[in-house]
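Asker: Okay, so here is coords19.tsv, and as you'll see once you scroll down, it has TSV, C-alpha atoms.
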chain	number	residue	atom	x	y	z
A	19	MET	CA	-2.58	4.80	22.32
A	20	THR	CA	-1.35	2.02	20.02
A	21	GLU	CA	-1.82	-1.60	21.01
A	22	PRO	CA	1.52	-3.03	22.24
A	23	GLU	CA	1.50	-6.06	19.96
A	24	VAL	CA	2.16	-4.18	16.72
A	25	LYS	CA	5.58	-5.17	15.36
A	26	ILE	CA	7.47	-2.96	12.91
A	27	LEU	CA	10.69	-3.75	11.07
A	28	LEU	CA	12.74	-0.63	10.36
A	29	ILE	CA	15.55	-1.06	7.83
A	30	GLU	CA	17.57	2.17	7.80
A	31	ASP	CA	21.35	2.57	7.66
A	32	GLU	CA	21.57	6.11	9.09
A	33	PRO	CA	21.79	5.70	12.90
A	34	GLY	CA	20.52	9.22	13.63
A	35	ILE	CA	17.37	8.83	11.55
A	36	ALA	CA	16.82	5.27	12.74
A	37	GLY	CA	17.17	6.32	16.38
A	38	PHE	CA	14.72	9.19	15.89
A	39	ILE	CA	12.12	6.93	14.28
A	40	ARG	CA	12.65	4.05	16.69
A	41	GLN	CA	12.36	6.20	19.79
A	42	GLY	CA	9.21	7.91	18.54
A	43	LEU	CA	7.52	4.64	17.65
A	44	GLN	CA	8.47	2.98	20.91
A	45	GLU	CA	6.97	5.91	22.79
A	46	GLU	CA	3.73	5.07	20.96
A	47	ASN	CA	4.06	1.46	22.17
A	48	TYR	CA	5.07	-0.06	18.85
A	49	ILE	CA	7.56	-2.93	19.02
A	50	VAL	CA	10.40	-1.87	16.70
A	51	THR	CA	13.16	-4.06	15.29
A	52	TRP	CA	15.93	-2.04	13.65
A	53	GLU	CA	18.39	-3.35	11.08
A	54	ALA	CA	20.97	-1.21	9.24
A	55	ASP	CA	22.15	-3.79	6.71
A	56	GLY	CA	20.06	-4.65	3.67
A	57	ASN	CA	21.02	-8.33	3.57
A	58	ARG	CA	20.21	-8.95	7.23
A	59	GLY	CA	17.07	-6.82	6.93
A	60	ALA	CA	15.86	-8.85	3.95
A	61	ARG	CA	16.40	-12.07	5.90
A	62	LEU	CA	14.39	-10.76	8.85
A	63	ALA	CA	11.60	-9.52	6.56
A	64	VAL	CA	11.19	-12.95	5.00
A	65	GLU	CA	11.78	-15.22	8.00
A	66	GLU	CA	9.91	-13.34	10.75
A	67	GLU	CA	6.42	-11.91	11.03
A	68	PHE	CA	5.88	-8.15	11.24
A	69	ASP	CA	2.84	-5.92	10.95
A	70	LEU	CA	4.58	-3.23	8.89
A	71	PHE	CA	7.90	-2.56	7.16
A	72	LEU	CA	9.69	0.82	7.04
A	73	LEU	CA	12.35	0.70	4.33
A	74	ASP	CA	15.11	3.05	3.31
A	75	TRP	CA	15.92	2.85	-0.41
A	76	VAL	CA	19.73	2.97	-0.43
A	77	LEU	CA	21.17	0.39	1.96
A	78	PRO	CA	24.40	-1.58	2.36
A	79	GLY	CA	23.91	-4.88	0.57
A	80	VAL	CA	20.39	-5.37	-0.75
A	81	SER	CA	18.47	-2.19	-1.62
A	82	GLY	CA	15.09	-1.30	-0.16
A	83	ILE	CA	13.49	-1.78	-3.58
A	84	ASP	CA	14.86	-5.32	-3.80
A	85	ILE	CA	13.69	-6.06	-0.25
A	86	CYS	CA	10.19	-4.86	-1.13
A	87	ARG	CA	10.10	-7.04	-4.24
A	88	LEU	CA	11.35	-10.00	-2.22
A	89	ILE	CA	8.60	-9.49	0.37
A	90	ARG	CA	5.92	-9.46	-2.34
A	91	ASN	CA	7.43	-12.40	-4.21
A	92	LYS	CA	7.19	-14.41	-1.00
A	93	GLY	CA	3.47	-13.69	-0.95
A	94	LYS	CA	3.54	-11.37	2.05
A	95	GLU	CA	0.99	-8.56	1.93
A	96	THR	CA	2.39	-6.74	4.98
A	97	PRO	CA	2.24	-2.95	4.43
A	98	VAL	CA	5.49	-1.36	3.22
A	99	ILE	CA	6.35	2.32	3.59
A	100	PHE	CA	9.48	3.75	1.98
A	101	ILE	CA	11.41	6.42	3.89
A	102	THR	CA	13.98	7.89	1.54
A	103	ALA	CA	15.74	10.98	0.25
A	104	LYS	CA	14.92	9.99	-3.33
A	105	ASP	CA	12.28	12.50	-4.32
A	106	THR	CA	11.48	12.38	-8.03
A	107	VAL	CA	8.15	11.24	-9.45
A	108	GLN	CA	10.00	8.39	-11.17
A	109	ASP	CA	11.37	7.24	-7.80
A	110	THR	CA	7.90	7.25	-6.26
A	111	VAL	CA	6.45	5.30	-9.19
A	112	GLU	CA	9.26	2.73	-9.04
A	113	ALA	CA	8.70	2.22	-5.31
A	114	LEU	CA	4.95	1.75	-5.76
A	115	LYS	CA	5.48	-0.63	-8.66
A	116	SER	CA	7.82	-2.70	-6.49
A	117	GLY	CA	4.90	-3.30	-4.14
A	118	ALA	CA	5.15	-0.43	-1.64
A	119	ASP	CA	1.96	0.91	-0.07
A	120	ASP	CA	3.26	4.41	0.64
A	121	TYR	CA	6.30	6.65	0.23
A	122	ILE	CA	7.53	9.45	2.49
A	123	LYS	CA	10.40	11.74	1.58
A	124	LYS	CA	13.19	12.86	3.91
A	125	PRO	CA	13.16	15.16	5.77
A	126	PHE	CA	9.72	14.64	7.29
A	127	HIS	CA	7.78	15.44	10.44
A	128	PHE	CA	7.26	12.51	12.77
A	129	GLU	CA	3.55	13.34	12.93
A	130	GLU	CA	3.26	12.73	9.19
A	131	LEU	CA	5.03	9.39	9.49
A	132	MET	CA	2.66	8.39	12.31
A	133	ALA	CA	-0.35	9.37	10.20
A	134	ARG	CA	0.85	7.23	7.32
A	135	ILE	CA	1.58	4.28	9.61
A	136	ASP	CA	-1.87	4.57	11.19
A	137	VAL	CA	-3.47	4.53	7.74
A	138	GLN	CA	-1.66	1.32	6.80
A	139	LEU	CA	-2.34	-0.44	10.09
A	140	ARG	CA	-5.97	0.56	10.48
A	141	LYS	CA	-8.16	-2.44	9.90
A	142	ASN	CA	-10.48	-2.10	6.97
A	143	ILE	CA	-14.13	-2.44	7.91
A	144	ILE	CA	-15.48	-4.45	5.04
A	145	SER	CA	-18.57	-6.52	4.49
A	146	ASN	CA	-18.40	-10.29	4.14
A	147	LYS	CA	-20.82	-10.13	1.22
A	148	GLU	CA	-19.39	-11.21	-2.11
A	149	LEU	CA	-19.25	-8.48	-4.74
A	150	ARG	CA	-19.52	-8.99	-8.48
A	151	LEU	CA	-18.64	-6.84	-11.43
A	152	ASN	CA	-19.42	-8.73	-14.61
A	153	HIS	CA	-16.89	-11.60	-14.71
A	154	ILE	CA	-15.00	-10.33	-11.64
A	155	LEU	CA	-15.81	-11.79	-8.20
A	156	LEU	CA	-14.47	-10.13	-5.05
A	157	ILE	CA	-14.69	-11.90	-1.67
A	158	PRO	CA	-13.96	-9.28	1.03
A	159	ASN	CA	-13.58	-11.48	4.12
A	160	LYS	CA	-11.03	-13.70	2.33
A	161	ARG	CA	-9.55	-10.76	0.42
A	162	GLU	CA	-9.69	-12.78	-2.78
A	163	VAL	CA	-10.45	-11.74	-6.35
A	164	PHE	CA	-11.44	-14.10	-9.16
A	165	VAL	CA	-11.64	-13.40	-12.88
A	166	ASN	CA	-13.68	-16.05	-14.68
A	167	GLU	CA	-13.19	-18.27	-11.58
A	168	VAL	CA	-9.39	-17.89	-11.73
A	169	LEU	CA	-7.76	-16.47	-8.58
A	170	VAL	CA	-5.89	-13.19	-9.17
A	171	HIS	CA	-3.31	-11.95	-6.65
A	172	LEU	CA	-3.63	-8.29	-5.70
A	173	THR	CA	-1.63	-6.33	-3.16
A	174	VAL	CA	-3.40	-5.03	-0.06
A	175	LYS	CA	-3.96	-1.56	-1.50
A	176	GLU	CA	-4.91	-2.87	-4.95
A	177	PHE	CA	-7.58	-5.02	-3.31
A	178	ASP	CA	-8.83	-2.10	-1.19
A	179	LEU	CA	-9.03	0.18	-4.23
A	180	LEU	CA	-10.87	-2.39	-6.35
A	181	HIS	CA	-13.20	-3.14	-3.43
A	182	TYR	CA	-14.06	0.55	-3.10
A	183	LEU	CA	-14.74	0.96	-6.82
A	184	ILE	CA	-16.92	-2.16	-7.05
A	185	SER	CA	-18.77	-1.20	-3.86
A	186	ASN	CA	-19.65	2.04	-5.65
A	187	LYS	CA	-20.16	0.57	-9.11
A	188	ASN	CA	-21.91	2.63	-11.74
A	189	GLN	CA	-20.95	5.76	-9.81
A	190	VAL	CA	-18.09	8.13	-10.62
A	191	CYS	CA	-15.54	8.00	-7.79
A	192	GLU	CA	-13.54	11.20	-7.55
A	193	ARG	CA	-9.78	10.93	-7.14
A	194	LYS	CA	-9.67	12.93	-3.90
A	195	LYS	CA	-12.53	10.89	-2.44
A	196	ILE	CA	-10.75	7.64	-3.30
A	197	ILE	CA	-7.61	8.83	-1.52
A	198	GLU	CA	-9.67	9.78	1.52
A	199	GLU	CA	-11.63	6.53	1.67
A	200	VAL	CA	-9.01	3.98	0.64
A	201	TRP	CA	-5.88	5.60	2.08
A	202	ASP	CA	-7.69	7.53	4.85
A	203	ILE	CA	-5.67	10.65	3.96
A	204	HIS	CA	-7.53	13.90	4.50
A	205	PHE	CA	-4.90	16.42	3.46
A	206	ASP	CA	-3.37	17.48	0.15
A	207	TYR	CA	-1.86	14.39	-1.44
A	208	ASP	CA	-0.50	13.56	-4.88
A	209	THR	CA	-3.36	11.57	-6.42
A	210	SER	CA	-1.16	10.44	-9.33
A	211	VAL	CA	-0.40	7.32	-7.28
A	212	LEU	CA	-3.89	6.16	-8.25
A	213	ASP	CA	-2.82	5.84	-11.88
A	214	VAL	CA	-0.04	3.44	-10.86
A	215	TYR	CA	-2.44	1.27	-8.88
A	216	MET	CA	-5.15	1.32	-11.55
A	217	ASN	CA	-2.68	0.32	-14.28
A	218	SER	CA	-1.51	-2.59	-12.13
A	219	ILE	CA	-5.07	-3.70	-11.30
A	220	ARG	CA	-6.14	-3.60	-14.95
A	221	LYS	CA	-3.09	-5.61	-16.00
A	222	LYS	CA	-3.72	-8.28	-13.36
A	223	LEU	CA	-7.41	-8.48	-14.27
A	224	GLY	CA	-6.63	-8.73	-17.97
A	225	LEU	CA	-8.23	-5.38	-18.80
A	226	ASN	CA	-6.94	-2.49	-20.88
A	227	LYS	CA	-7.29	1.23	-20.24
A	228	GLU	CA	-10.15	1.52	-22.74
A	229	ASP	CA	-12.14	-1.34	-21.22
A	230	GLU	CA	-15.56	-0.18	-20.03
A	231	ILE	CA	-15.49	-2.27	-16.83
A	232	LEU	CA	-12.98	-0.01	-15.03
A	233	GLN	CA	-13.34	3.38	-16.67
A	234	THR	CA	-11.10	6.40	-16.34
A	235	ILE	CA	-13.18	9.55	-16.08
A	236	ARG	CA	-10.69	12.12	-17.29
A	237	GLY	CA	-10.01	14.92	-14.87
A	238	VAL	CA	-12.39	13.42	-12.30
A	239	GLY	CA	-11.63	9.84	-11.25
A	240	TYR	CA	-12.73	6.29	-12.00
A	241	MET	CA	-15.88	4.20	-12.32
A	242	ALA	CA	-16.54	0.47	-12.09
A	243	LYS	CA	-19.33	-0.10	-14.61
A	244	GLU	CA	-21.67	-3.06	-14.75
A	245	LYS	CA	-22.30	-4.12	-18.34
For this file, produce the structure as structure tokens.
Answerer:
Amino acid sequence: MTEPEVKILLIEDEPGIAGFIRQGLQEENYIVTWEADGNRGARLAVEEEFDLFLLDWVLPGVSGIDICRLIRNKGKETPVIFITAKDTVQDTVEALKSGADDYIKKPFHFEELMARIDVQLRKNIISNKELRLNHILLIPNKREVFVNEVLVHLTVKEFDLLHYLISNKNQVCERKKIIEEVWDIHFDYDTSVLDVYMNSIRKKLGLNKEDEILQTIRGVGYMAKEK
């Protein structure tokens, strides 16, 4: 049973879908705020505190993509899950690049939505010990990353992915294993999302794809390598 203090903002303009999601979540003891308009939803997302956002892509007023970007630009790291009928790989990549943590395509089973929500809300059990990888310093309990003593802002999932790789440095981390450990997903899942996250992490850390610090092991996964 979910703790009753978890607050979710659902921004969805289709009343039938919104009602289905809202009722299901409330039965699990989540506190759900529903907004059908993108402009009002964006205002709520910025001005009030929530534990998770569920966003439709196409909305009256501001789009879900713009709301997600606004949330991230305001420095909020609250998990964002897109719920949308847009179903191309390009759509998924655009959503992830905007700062989303996950993406579920309509129609979907409520059990799958619950599984994805649980993954995003589950607290990460991480050590307070500082981790180093060459000139990169990662401080788990503060969720901070420094490159040459300069603070670098990573999203929640980018931090979790980098933390996992550095925790297993000098070892090849398989793509499926990363998905299981970082996303806590134990069923078939499109691991191509990892490429999006790795590209973003490398860019923020000032690394390129050929840099030996965060290596791509073709056809297998990734490795954080100590020089």
Asker: Of the candidates A:Asp69, A:Asp120, A:Glu244, A:Glu53, which shows the shortest atom-to-atom distance to A:Arg150, using all atoms listed in the file?
Answerer: A:Glu244
Asker: Fewer than 5 positions away in the same chain doesn't count, so skip those; otherwise give me all residues within 10 Å of A:Tyr207, counting all atoms listed in the file, as JSON, numbers by chain.
Answerer: {"A": [194, 197, 198]}
Asker: Hey, which of A:Val24, A:Gln41, A:Thr173, A:Glu32 ends up closest to A:Ile89? Count all atoms listed in the file.
Answerer: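 Looking at the shortest contact to A:Ile89, the residue is A:Thr173.
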Asker: If you count all atoms listed in the file, which residues fall within 8 Å of A:Thr96, apart from same-chain ones fewer than 5 positions away, as a list in words?
Answerer: Phe68, Asp69, Leu70, Phe71 and Val174 of chain A
Asker: One decimal, Å: what's the distance from atom CA of A:Val111 over to atom CA of A:Pro33, could you say?
Answerer: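 Computing it gives 26.9 Å between the two atoms.
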Asker: In Å, how far is it from atom CA of A:Gly224 to atom CA of A:Pro97?
Answerer: 24.8 Å
Asker: With only C-alpha atoms as the basis for distance, which of A:Leu223, A:Gly56, A:Thr110, A:Glu67 is at the shortest distance from A:Asp84?
Answerer: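 Looking at the shortest contact to A:Asp84, the residue is A:Gly56.
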Asker: For A:Glu176, which residue out of A:Lys92, A:Lys243, A:Lys147, A:Lys115 is the nearest one, using only C-alpha atoms?
Answerer: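 Closest to A:Glu176 of all the choices is A:Lys115.
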Asker: For atom CA of A:Glu148 and atom CA of A:Glu167, quote the distance in Å rounded to one decimal.
Answerer: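 So the two atoms, atom CA of A:Glu148 and atom CA of A:Glu167, lie 13.3 Å apart.
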